[in-house]
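A short write-up of the structure that comes next.
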Amino acid sequence: MPPFLRYLVPLFLAAAVATIPTAAFVLEEATIESIHSAFAGGELTSCGLVELYLRRIASLDPTLHAVVELDADGALAAADRADAVLADADRADAARLLGGAALPPLHGIPVLIKDNIAAAGGLNATAGSLALVGSRPARDAGVVERLRSAGAVILGTASLSEWCNFRAPGVPAGWSPRGGQGLNPYVPSATTCSSSSGSAIAAAANMVAVTIGTETDGSIMCPSSFNSVVGIKPTVGLTSRAGVIIISPRMDTVGPICRTVSDAVNVLEAIVGYDPRDAEATRMASQYIPEGGYGQFLNVDGLRGKRIGILRKDFFWFPPGSIQEKVFGDHFHTMRKLGATLVDNLEIPSMNVINDAVQSGERALMLAEFKLSLNSYLSELAISPVRSLSDIIDFNNKHPVEERTAEFGQSYLVQSEATNGIGPTEERAIAKLNKLCKEGLEKIVRVNRLDAIVAPGASAHSLLAIGGYPAVTVPAGYTSDGVPFAICFGGLKGSEPKLIEISYSFEHATKD
């Protein structure tokens, strides 16, 4: 029995009967495909699925703290509309509709979105802060609009590290005043990592099959790794950031966190595309969206013919004889056996600078961009108790107990408030980051004719963040203590098709 189940079984035994509506459909480990099969077979309805997930969340979340807020009424109403469509068709027609293009790809599928993504209706979007409780957006975030168009049912918001882990150094990963302290469902004493922690916890614990996270620098990759789920960090601009509380327009991206590569890819397919509210980035990235979509790259033979660079130095720090060393050695053997060419012992120059946010200029740029982005987001809210970063700092000072201000401070917020837009300091930071990208990952990929790079867990997060590059994180194994770890495949902008082929083939070859 995996360590995940050893911990969770006592929590959900009392609800176990309720989580299995028929012998054919099992809620635990459910995927989009199995849910749609149950819909088509008449074994399950979207309303029934929402109720099962609500019951499971009520059972598990008091311990795990993955969910901030639920919109049960709104979700059930949306699920009822989804069911009505299928109710008008017989089972054969339902199967045909769900299997083809007649119905949207996420028809009736409940989704949890990270608590920095706006959804019109009954949900707050607060980035974990009490200062934004009671705020209401004028409309859905761009990705939420696309989720709804794809048939998804917005169930609620997932917890996160407050302000996407950009309040102050030392704030615990997975903690926020609204969500409490999230726990790793595999090993409670292990980190959940930051900042899309609740999205990863919820997917790992089967509270829903689909969650949405965001990343500036590691916030999808790292929680996915430590919670043994699949995370896709898309090329910046593939997914809209309109209606999302972000840190950096240069680096922030919105992506799926699910249990399987195929589910994550199906969600990615639904949320990419141009958005006039995030026009510059989404227009630029639209050139990367492949004709025919991303699902065509779910290829079990996807490793064959790929050239993958192993970033050995600065990334693979495992002690000789460790489980991780053995597991990655086995994985590399499998990849070669399946037709991949692994180019070993590659080194990214200046990784010590890239991994130091101060030296690289990343921190200076983030501080300036955060203030600009947050104030812009707040100005667009229909209702909000705060309208600026300055208001939020003042709120924290007035609520030191609830926000634990004396314990953690708010130094990043204060430093950000002191900035004045993009000036000479920030322009120098941008130039330095561009140079690090050009002479780093871009040169390594070009010179070695690589399709992708591979690194353990989220170790390449800053390398991939500073250039807005994509990554797919796939479960790879467990430490001797039962803590999950992942393998990450990354590449240059627009390389999602190759990363999907590699990741899906790897997952298929290594799953139990």
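Each chain of the structure tokens is named A, B, ... in the order shown, its residues numbered from 1; ligands are numbered from 1 in display order.
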- Using DSSP on the backbone coordinates, identify the residues of segment 223-401 of chain A assigned to helix (DSSP H, G or I); present them as a ChimeraX atom specification. /A:223-226,261-271,276-288,295-297,323-337,351-354,357-360,362-380,389-398
As a tab-separated table (two decimals) with C-alpha atoms, in the first residue's frame, list the residues of segment 184-231 of chain A assigned to strand (DSSP E or B) by DSSP on the backbone atoms of this structure.
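The resulting file, states.tsv, is shown below:
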```tsv
chain	number	residue	atom	x	y	z
A	210	VAL	CA	-8.85	18.53	-12.02
A	211	THR	CA	-7.24	21.51	-10.34
A	212	ILE	CA	-5.69	24.71	-11.63
A	213	GLY	CA	-2.52	26.28	-10.28
A	214	THR	CA	-0.30	29.23	-11.13
A	215	GLU	CA	3.46	29.59	-11.21
A	230	VAL	CA	1.31	15.87	-12.71
A	231	GLY	CA	1.80	19.59	-13.21
```
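Counting only C-alpha atoms, Thr191 of chain A has the following residues at most 12 Å away, ignoring those fewer than 5 positions along the same chain: Ser161, Pro172, Ala173, Gly174, Trp175, Gln181, Gly182, Leu183, Asn184, Pro185, Tyr186, Ser197, Gly198, Ala200, Ile201, Cys222, Pro223, Ser224, Ser225, Phe226, Asn227, Val483, Pro484 and Phe485 of chain A.
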- With a distance cut-off of 7 Å and only C-alpha atoms, select the neighbouring residues of segment 386-394 of chain A, excluding the residue or stretch itself and same-chain residues fewer than 3 positions from it, and output the selection as a list in words. Ala131, Leu132, Lys371, Leu374, Asn375, Leu378, Ser379, Asn397, Lys398, Leu413 and Glu417 of chain A
I need the residues from that last selection saved to file as a short mmCIF file (atom, residue, chain, number, x, y, z; two decimals), in the first residue's frame (with N, CA and C atoms), if you can.
```cif
data_model
loop_
_atom_site.label_atom_id
_atom_site.label_comp_id
_atom_site.auth_asym_id
_atom_site.auth_seq_id
_atom_site.Cartn_x
_atom_site.Cartn_y
_atom_site.Cartn_z
N ALA A 131 -7.36 40.24 3.80
CA ALA A 131 -7.63 41.60 3.32
C ALA A 131 -8.61 41.62 2.16
N LEU A 132 -8.67 40.55 1.38
CA LEU A 132 -9.51 40.52 0.19
C LEU A 132 -10.82 39.79 0.39
N LYS A 371 3.71 45.03 -7.60
CA LYS A 371 2.92 46.21 -7.24
C LYS A 371 2.05 46.65 -8.42
N LEU A 374 -0.71 43.85 -9.03
CA LEU A 374 -1.72 43.77 -7.98
C LEU A 374 -2.63 44.99 -7.99
N ASN A 375 -2.06 46.17 -8.11
CA ASN A 375 -2.90 47.37 -8.13
C ASN A 375 -3.84 47.38 -9.33
N LEU A 378 -6.68 44.88 -8.48
CA LEU A 378 -7.60 45.44 -7.49
C LEU A 378 -8.49 46.52 -8.09
N SER A 379 -7.95 47.29 -9.02
CA SER A 379 -8.73 48.37 -9.62
C SER A 379 -9.89 47.85 -10.46
N ASN A 397 -1.08 45.35 9.16
CA ASN A 397 -0.64 46.01 10.38
C ASN A 397 -1.76 46.13 11.41
N LYS A 398 -2.98 46.26 10.92
CA LYS A 398 -4.14 46.39 11.82
C LYS A 398 -4.69 45.05 12.28
N LEU A 413 6.14 42.68 0.60
CA LEU A 413 5.07 43.62 0.30
C LEU A 413 5.56 45.06 0.50
N GLU A 417 5.99 47.90 -2.39
CA GLU A 417 5.30 49.20 -2.32
C GLU A 417 6.27 50.36 -2.54
#
```
- Task: With a distance cut-off of 7 Å and only C-alpha atoms, select the neighbouring residues of segment 453-464 of chain A, excluding the residue or stretch itself and same-chain residues fewer than 5 positions from it, and output the selection as a ChimeraX atom specification.
- Result: /A:217-218,221-222,225,308-311,315-316,354-355,469-470,485-491
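Between atom CA of Thr253 of chain A and atom CA of Val236 of chain A the interatomic distance comes to 5.2 Å.
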- Item | One-decimal distance in Å that lies between atom CA of Thr473 of chain A and atom CA of Leu54 of chain A | 27.6 Å
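Distances to Gly494 of chain A were evaluated for A:Gln287, A:Ser37, A:Ser411, A:Ser350 using only C-alpha atoms, and the minimum falls at A:Gln287.
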Write out as a tab-separated table the residues of segment 38-91 of chain A that have any atom within 10 Å of an atom of segment 120-123 of chain A, one row each with the nearest atom pair and its distance in Å to one decimal, counting only C-alpha atoms, sorted by chain and then rising number.
```
residue	atom	partner	partner_atom	distance
A:Val68	CA	A:Leu123	CA	9.7
A:Glu69	CA	A:Leu123	CA	7.0
A:Leu70	CA	A:Leu123	CA	7.3
A:Asp71	CA	A:Gly122	CA	6.2
A:Ala72	CA	A:Gly122	CA	9.3
A:Asp73	CA	A:Gly122	CA	8.8
A:Gly74	CA	A:Gly122	CA	7.5
```
- Tell me, as number ranges by chain, which residues lie within 7 Å of segment 298-303 of chain A, counting only C-alpha atoms; anything in the same chain fewer than 5 positions away does not count. A: 262, 335, 338-340, 500-502, 504-505, 508
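Reported to one decimal place, the separation of atom CA of Gly467 of chain A from atom CA of Lys493 of chain A is 8.2 Å.
Restricting the calculation to only C-alpha atoms, the smallest distance between Arg178 of chain A and any of A:Ala125, A:Val50, A:Ala79, A:Met284 is found for A:Ala125.
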